[in-house]
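Asker: Got a structure for you, target-v9.cif, holding mmCIF, C-alpha atoms and all ligand atoms.
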data_coords
loop_
_atom_site.label_atom_id
_atom_site.label_comp_id
_atom_site.auth_asym_id
_atom_site.auth_seq_id
_atom_site.Cartn_x
_atom_site.Cartn_y
_atom_site.Cartn_z
CA MET A 20 10.47 -5.36 -31.75
CA THR A 21 7.57 -6.19 -29.45
CA ASN A 22 3.83 -5.83 -29.89
CA ASN A 23 3.38 -3.79 -26.73
CA LEU A 24 2.31 -0.17 -26.86
CA LYS A 25 5.40 2.05 -27.02
CA TYR A 26 5.47 5.68 -25.91
CA PHE A 27 7.25 8.47 -27.78
CA ILE A 28 7.14 11.53 -25.56
CA GLY A 29 8.58 14.87 -26.60
CA ASN A 30 9.96 17.40 -24.16
CA TRP A 31 10.00 20.75 -25.93
CA LYS A 32 11.59 22.51 -22.92
CA MET A 33 11.53 26.35 -23.26
CA PHE A 34 11.03 26.32 -27.02
CA GLY A 35 8.09 26.88 -29.33
CA ASP A 36 5.40 29.40 -30.21
CA PHE A 37 1.91 29.28 -31.74
CA GLY A 38 3.41 28.49 -35.17
CA SER A 39 4.98 25.33 -33.73
CA PHE A 40 1.59 23.66 -33.98
CA LYS A 41 2.69 22.65 -37.48
CA ILE A 42 5.14 20.21 -35.85
CA ILE A 43 2.29 18.46 -34.04
CA HIS A 44 0.11 18.59 -37.16
CA LYS A 45 2.77 16.88 -39.30
CA ILE A 46 3.42 14.18 -36.69
CA ASN A 47 -0.28 13.55 -36.36
CA GLN A 48 -0.81 13.34 -40.13
CA TYR A 49 2.02 10.90 -40.56
CA ILE A 50 0.99 8.62 -37.73
CA SER A 51 -2.65 8.53 -38.71
CA LYS A 52 -1.79 7.49 -42.27
CA ASN A 53 0.28 4.51 -41.18
CA LYS A 54 -1.61 1.70 -39.51
CA LYS A 55 1.56 0.04 -38.30
CA PHE A 56 2.00 2.93 -35.89
CA ASN A 57 -1.17 2.14 -33.97
CA LYS A 58 1.12 0.41 -31.48
CA CYS A 59 2.59 3.72 -30.40
CA LYS A 60 1.39 6.58 -28.26
CA ILE A 61 2.62 10.09 -28.91
CA VAL A 62 2.77 12.75 -26.21
CA LEU A 63 4.21 16.23 -26.60
CA CYS A 64 5.09 18.12 -23.44
CA VAL A 65 5.02 21.74 -24.50
CA PRO A 66 5.46 25.07 -22.72
CA ASN A 67 2.47 26.10 -20.58
CA THR A 68 1.90 29.11 -22.84
CA LEU A 69 0.94 26.80 -25.72
CA LEU A 70 -1.17 24.17 -23.96
CA ASP A 71 -4.59 25.78 -24.30
CA PHE A 72 -4.00 26.93 -27.89
CA PHE A 73 -2.75 23.51 -29.01
CA ASN A 74 -5.45 21.69 -27.10
CA LYS A 75 -8.16 23.64 -28.94
CA LYS A 76 -6.55 22.98 -32.32
CA LEU A 77 -5.81 19.32 -31.69
CA LYS A 78 -8.60 17.04 -32.78
CA SER A 79 -6.72 13.78 -32.81
CA GLN A 80 -6.65 11.14 -30.13
CA LEU A 81 -3.27 10.02 -31.41
CA VAL A 82 -1.32 12.90 -29.95
CA SER A 83 -1.74 13.94 -26.31
CA LEU A 84 -0.39 17.05 -24.66
CA GLY A 85 1.65 17.31 -21.53
CA ALA A 86 3.27 19.94 -19.33
CA GLN A 87 6.86 19.99 -18.06
CA ASN A 88 6.57 20.92 -14.39
CA CYS A 89 4.16 22.33 -11.83
CA HIS A 90 4.14 23.90 -8.38
CA GLN A 91 3.81 21.48 -5.49
CA GLU A 92 0.77 23.30 -4.07
CA GLU A 93 -2.40 21.65 -5.23
CA GLY A 94 -4.88 24.30 -6.30
CA TYR A 95 -4.39 28.07 -6.22
CA GLY A 96 -2.23 30.25 -3.99
CA ALA A 97 0.13 33.15 -3.59
CA PHE A 98 3.03 31.66 -5.55
CA THR A 99 4.15 34.29 -8.02
CA GLY A 100 4.99 32.94 -11.44
CA SER A 101 3.91 29.40 -10.64
CA VAL A 102 1.32 27.08 -12.13
CA SER A 103 -0.41 24.19 -10.38
CA ALA A 104 -1.34 20.75 -11.68
CA LEU A 105 -4.99 21.76 -11.48
CA MET A 106 -4.38 24.77 -13.77
CA LEU A 107 -2.43 22.65 -16.25
CA LYS A 108 -5.16 20.03 -16.32
CA LYS A 109 -7.67 22.75 -17.16
CA MET A 110 -5.47 23.85 -20.07
CA GLY A 111 -5.58 20.36 -21.60
CA ALA A 112 -2.51 18.62 -20.18
CA LYS A 113 -2.90 14.86 -19.82
CA TYR A 114 0.73 14.18 -18.89
CA ILE A 115 3.33 16.02 -16.86
CA ILE A 116 7.10 15.69 -16.60
CA LEU A 117 8.31 15.92 -12.99
CA GLY A 118 11.75 15.67 -11.43
CA HIS A 119 13.62 16.56 -14.61
CA SER A 120 17.32 17.01 -13.87
CA GLU A 121 17.16 20.57 -15.21
CA ASN A 122 14.70 21.36 -12.41
CA ARG A 123 16.48 19.27 -9.78
CA SER A 124 19.63 21.30 -10.53
CA GLU A 125 17.70 24.45 -9.56
CA GLY A 126 16.98 23.14 -6.09
CA GLU A 127 14.03 20.77 -6.46
CA THR A 128 14.35 18.31 -3.56
CA TYR A 129 13.02 14.72 -3.28
CA GLY A 130 10.33 16.05 -0.93
CA ILE A 131 9.19 18.79 -3.31
CA ILE A 132 9.05 16.32 -6.19
CA LYS A 133 6.95 13.97 -4.04
CA ARG A 134 4.46 16.78 -3.38
CA LYS A 135 4.37 17.63 -7.09
CA ILE A 136 3.67 14.01 -7.98
CA THR A 137 0.94 13.88 -5.33
CA SER A 138 -0.80 16.96 -6.71
CA ALA A 139 -0.47 15.80 -10.34
CA LEU A 140 -1.93 12.38 -9.51
CA LYS A 141 -4.82 14.08 -7.70
CA GLN A 142 -5.62 15.77 -11.01
CA LYS A 143 -5.39 12.37 -12.73
CA LEU A 144 -2.45 13.51 -14.82
CA ASN A 145 -0.04 10.85 -16.07
CA VAL A 146 3.25 11.55 -14.36
CA ILE A 147 6.55 11.16 -16.18
CA PHE A 148 8.94 10.98 -13.24
CA CYS A 149 12.56 11.51 -14.28
CA ILE A 150 15.45 9.84 -12.53
CA GLY A 151 19.10 9.51 -13.51
CA GLU A 152 22.66 9.60 -12.33
CA ASN A 153 25.27 12.24 -13.13
CA TYR A 154 28.61 11.44 -14.72
CA LYS A 155 30.51 11.31 -11.43
CA GLU A 156 28.02 8.87 -9.94
CA LYS A 157 28.26 6.70 -13.04
CA LYS A 158 32.05 6.74 -12.97
CA ASN A 159 32.09 5.79 -9.29
CA GLY A 160 29.72 2.86 -9.82
CA LYS A 161 26.96 4.64 -7.89
CA THR A 162 24.25 4.53 -10.57
CA PHE A 163 21.96 2.02 -8.85
CA ILE A 164 22.34 3.67 -5.44
CA THR A 165 21.39 7.03 -6.93
CA LEU A 166 18.37 5.66 -8.78
CA ARG A 167 17.11 3.82 -5.69
CA LYS A 168 17.45 7.02 -3.60
CA GLN A 169 15.51 9.02 -6.17
CA ILE A 170 12.76 6.40 -6.35
CA LYS A 171 12.41 6.02 -2.58
CA GLY A 172 12.76 9.77 -1.98
CA SER A 173 9.88 10.86 -4.19
CA LEU A 174 7.48 7.95 -4.67
CA GLU A 175 4.97 6.59 -2.19
CA LYS A 176 3.70 3.03 -2.12
CA LYS A 177 0.12 4.30 -2.18
CA PHE A 178 0.62 6.20 -5.47
CA ASN A 179 -1.36 4.91 -8.44
CA LYS A 180 1.43 3.13 -10.30
CA ASN A 181 -0.70 2.91 -13.46
CA LYS A 182 -0.47 6.68 -13.82
CA ILE A 183 3.30 6.84 -13.36
CA PHE A 184 6.01 6.50 -15.98
CA ILE A 185 9.63 6.39 -14.92
CA ALA A 186 11.92 8.17 -17.36
CA TYR A 187 15.46 6.96 -16.89
CA GLU A 188 17.55 9.90 -18.05
CA PRO A 189 21.27 9.71 -17.27
CA ILE A 190 22.21 13.36 -16.78
CA TRP A 191 25.45 12.93 -18.71
CA SER A 192 23.43 11.85 -21.72
CA ILE A 193 20.97 14.76 -21.90
CA GLY A 194 21.74 16.97 -24.88
CA THR A 195 25.26 15.59 -25.24
CA ASN A 196 24.90 12.97 -28.00
CA LYS A 197 26.32 10.43 -25.56
CA ILE A 198 24.24 7.34 -24.89
CA PRO A 199 24.70 4.36 -22.58
CA LYS A 200 26.08 1.07 -23.90
CA THR A 201 23.24 -1.28 -24.84
CA ASN A 202 24.13 -3.85 -22.22
CA GLU A 203 24.54 -1.29 -19.46
CA LEU A 204 21.22 0.29 -20.34
CA ARG A 205 19.43 -3.07 -20.42
CA ASN A 206 20.81 -3.88 -16.96
CA THR A 207 19.84 -0.50 -15.57
CA ILE A 208 16.29 -0.75 -16.91
CA LYS A 209 16.02 -4.25 -15.41
CA PHE A 210 17.31 -2.92 -12.10
CA ILE A 211 14.72 -0.12 -12.08
CA LYS A 212 11.94 -2.61 -12.88
CA ARG A 213 13.00 -4.95 -10.09
CA ASP A 214 13.27 -2.08 -7.64
CA LEU A 215 9.85 -0.72 -8.56
CA ASN A 216 8.22 -4.16 -8.41
CA PHE A 217 9.62 -4.49 -4.90
CA PHE A 218 8.61 -0.95 -3.96
CA PHE A 219 5.03 -1.27 -5.19
CA ASN A 220 4.84 -4.94 -4.21
CA THR A 221 3.71 -5.92 -7.69
CA ASN A 222 4.92 -7.72 -10.77
CA LYS A 223 3.48 -5.02 -13.03
CA CYS A 224 5.53 -1.94 -12.25
CA PRO A 225 5.19 1.48 -13.95
CA LYS A 226 6.34 1.77 -17.53
CA ILE A 227 9.98 2.69 -18.03
CA LEU A 228 11.11 5.21 -20.62
CA TYR A 229 14.63 6.01 -21.69
CA GLY A 230 15.67 9.64 -22.29
CA GLY A 231 18.99 11.19 -23.32
CA SER A 232 20.15 12.15 -26.82
CA VAL A 233 17.67 9.90 -28.62
CA ASN A 234 17.77 10.65 -32.35
CA PRO A 235 16.78 8.99 -35.66
CA LYS A 236 20.26 7.44 -36.01
CA ASN A 237 20.62 5.81 -32.60
CA ILE A 238 17.01 4.70 -32.05
CA ARG A 239 17.73 1.28 -33.61
CA LEU A 240 20.17 0.56 -30.78
CA PHE A 241 17.36 1.10 -28.29
CA SER A 242 14.74 -0.91 -30.15
CA SER A 243 16.67 -4.08 -29.36
CA ILE A 244 15.96 -3.53 -25.65
CA ALA A 245 12.43 -4.89 -25.24
CA GLU A 246 12.32 -3.83 -21.56
CA ILE A 247 12.13 -0.16 -22.61
CA ASP A 248 8.49 0.94 -22.90
CA GLY A 249 9.20 4.18 -24.70
CA PHE A 250 11.31 7.30 -24.95
CA LEU A 251 11.49 10.83 -23.61
CA ILE A 252 12.90 12.90 -26.45
CA GLY A 253 14.22 16.42 -25.91
CA GLY A 254 16.04 18.21 -28.74
CA ALA A 255 14.84 15.91 -31.52
CA SER A 256 11.17 16.44 -30.61
CA GLN A 257 11.35 20.04 -31.76
CA SER A 258 11.55 18.87 -35.39
CA SER A 259 8.65 16.93 -36.90
CA LYS A 260 11.03 15.22 -39.33
CA LYS A 261 13.39 14.00 -36.62
CA PHE A 262 10.54 12.90 -34.37
CA ILE A 263 8.81 11.00 -37.20
CA ASP A 264 12.12 9.45 -38.29
CA ILE A 265 12.70 8.22 -34.73
CA ILE A 266 9.35 6.42 -34.78
CA LYS A 267 9.83 5.14 -38.35
CA ASN A 268 13.28 3.79 -37.60
CA TYR A 269 12.15 2.24 -34.34
CA TYR A 270 9.61 0.11 -36.20
CA LYS A 271 11.88 -0.68 -39.18
C1 LIG B 301 15.41 15.67 -21.95
O1 LIG B 301 15.81 16.80 -21.65
O2 LIG B 301 14.45 15.14 -21.35
C2 LIG B 301 16.09 14.97 -23.03
C3 LIG B 301 15.92 13.69 -23.15
O3 LIG B 301 16.86 15.76 -23.84
P1 LIG B 301 17.70 15.29 -25.15
O4 LIG B 301 16.86 14.29 -25.91
O5 LIG B 301 17.90 16.55 -25.92
O6 LIG B 301 18.97 14.68 -24.68
#
Take the structure in the file and write it out as structure tokens.
Ligand code: PEP

Answerer:
Amino acid sequence: MTNNLKYFIGNWKMFGDFGSFKIIHKINQYISKNKKFNKCKIVLCVPNTLLDFFNKKLKSQLVSLGAQNCHQEEGYGAFTGSVSALMLKKMGAKYIILGHSENRSEGETYGIIKRKITSALKQKLNVIFCIGENYKEKKNGKTFITLRKQIKGSLEKKFNKNKIFIAYEPIWSIGTNKIPKTNELRNTIKFIKRDLNFFFNTNKCPKILYGGSVNPKNIRLFSSIAEIDGFLIGGASQSSKKFIDIIKNYYK
């Protein structure tokens, strides 16, 4: 275990209602009572319908709120059913997930994701930019090629790298209970770091998260990989017990 700040970021997807605030409340209570957790940052990316309500109820600095997507257009416009980064910021979002494979699979292109990142950064939102290979790409040894394409296709050198997190989420691992082998994952994270350092011409690249079937049982496997700066947690973030157990077990 390292002393660096680690991020535990929940992606609630299309789940939750006003009553789900109790999940955030329990997580917050637990974290604030345990000093050893002051080395972790909790973010919950909730549906847009809950952002304002949760933001008003949330008094703690320990838990931040995030959104899960936005329209690429910056402010307001005739885009039925869409929400911009500006609107999400006004509702209390501090973070935003962009480029999630569930959205890419519905037609989100590299170019659209780049515009979304641009508009989110303009609003000073922290961007959680998801990348990851599918099973076929993995099987054909194309993981690194895919990741490099996704990075180059949607990031710009001039972006503020301090506001960007890269979530490495192998598509075959999302919601499947399948996770990468420790060694493979360590190598992939190192590859992403090297690639980003080169891309941004820095030795302090954006933080790298891992996402894909993280749960209280397998989190210990990930804690041995010091290069991982945190986790994007889908299914297990919808239960306060599972989410707390992930953090507890990480620091065991
Ligand atoms: C996700 O969808 O971002 C995710 C990581 O999901 P899960 O943890 O359920 O695999």

Asker: Please give me, as a count of residues only, the residues lying within 10 Å of ligand LIG 301 (chain B) when counting all atoms listed in the file.

Answerer: 38

Asker: Tell me which protein, DNA and RNA residues are within 10 Å of region 33-48 of chain A, counting all atoms listed in the file, leaving out same-chain ones fewer than 2 positions away, and put them as a VMD selection string.

Answerer: chain A and resid 30 to 31 50 to 53 61 to 63 65 to 70 72 to 73 76 to 84 87 254 256 to 263 266

Asker: Show which residues sit within 12 Å of Asn216 (chain A), as an NGL selection string. Count all atoms listed in the file, and ignore same-chain residues fewer than 3 positions away.

Answerer: :A and (170 or 176 or 180 or 209-213 or 219-227)

Asker: Could you take the residues named above and write them with C-alpha atoms, as a tab-separated table (two decimals), keeping the file's coordinate frame?

Answerer:
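Here's the written file selection-v6.tsv:
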chain	number	residue	atom	x	y	z
A	170	ILE	CA	12.76	6.40	-6.35
A	176	LYS	CA	3.70	3.03	-2.12
A	180	LYS	CA	1.43	3.13	-10.30
A	209	LYS	CA	16.02	-4.25	-15.41
A	210	PHE	CA	17.31	-2.92	-12.10
A	211	ILE	CA	14.72	-0.12	-12.08
A	212	LYS	CA	11.94	-2.61	-12.88
A	213	ARG	CA	13.00	-4.95	-10.09
A	219	PHE	CA	5.03	-1.27	-5.19
A	220	ASN	CA	4.84	-4.94	-4.21
A	221	THR	CA	3.71	-5.92	-7.69
A	222	ASN	CA	4.92	-7.72	-10.77
A	223	LYS	CA	3.48	-5.02	-13.03
A	224	CYS	CA	5.53	-1.94	-12.25
A	225	PRO	CA	5.19	1.48	-13.95
A	226	LYS	CA	6.34	1.77	-17.53
A	227	ILE	CA	9.98	2.69	-18.03

Asker: Would you work out the distance separating CA of Gly118 (chain A) from CA of Lys25 (chain A), expressed in Å to one decimal?

Answerer: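 If I compute the distance from CA of Gly118 (chain A) to CA of Lys25 (chain A), I get 21.7 Å.
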
Asker: Using Å and a single decimal, report how far CA of Gly130 (chain A) sits from CA of Lys155 (chain A).

Answerer: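 Those two atoms sit 23.2 Å apart.
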
Asker: From the list A:Ile150, A:Leu240, A:Leu166, A:Cys89, which residue is nearest Tyr114 (chain A) when using all atoms listed in the file?

Answerer: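 Among the listed residues, the smallest separation from Tyr114 (chain A) belongs to A:Cys89.
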
Asker: Find, counting all atoms listed in the file, the residue in A:Arg167, A:Lys271, A:Lys54, A:Arg134 that gets nearest to Ser243 (chain A).

Answerer: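 Distance minimum relative to Ser243 (chain A) lands on A:Lys271.
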
Asker: Using all atoms listed in the file, find the one residue out of A:Lys182, A:His90, A:Lys267, A:Lys177 that sits nearest to Ser138 (chain A).

Answerer: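 Looking at the shortest contact to Ser138 (chain A), the residue is A:His90.
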
Asker: Find the distance between CA of Leu228 (chain A) and CA of Gly249 (chain A) and write it in Å to one decimal.

Answerer: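 We find that CA of Leu228 (chain A) and CA of Gly249 (chain A) lie 4.6 Å from each other.
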
Asker: Box time for region 223-226 of chain A: axis-aligned, enclosing all its listed atoms, 4 Å extra on each side; report centre and edge lengths in Å to one decimal, as lines of an AutoDock Vina configuration file.

Answerer:
center_x = 4.9
center_y = -1.6
center_z = -14.9
size_x = 10.9
size_y = 14.8
size_z = 13.3

Asker: Counting all atoms listed in the file, figure out which residue out of A:Arg239, A:Lys133, A:Lys60, A:Lys113 gets nearest to Ser173 (chain A).

Answerer: A:Lys133
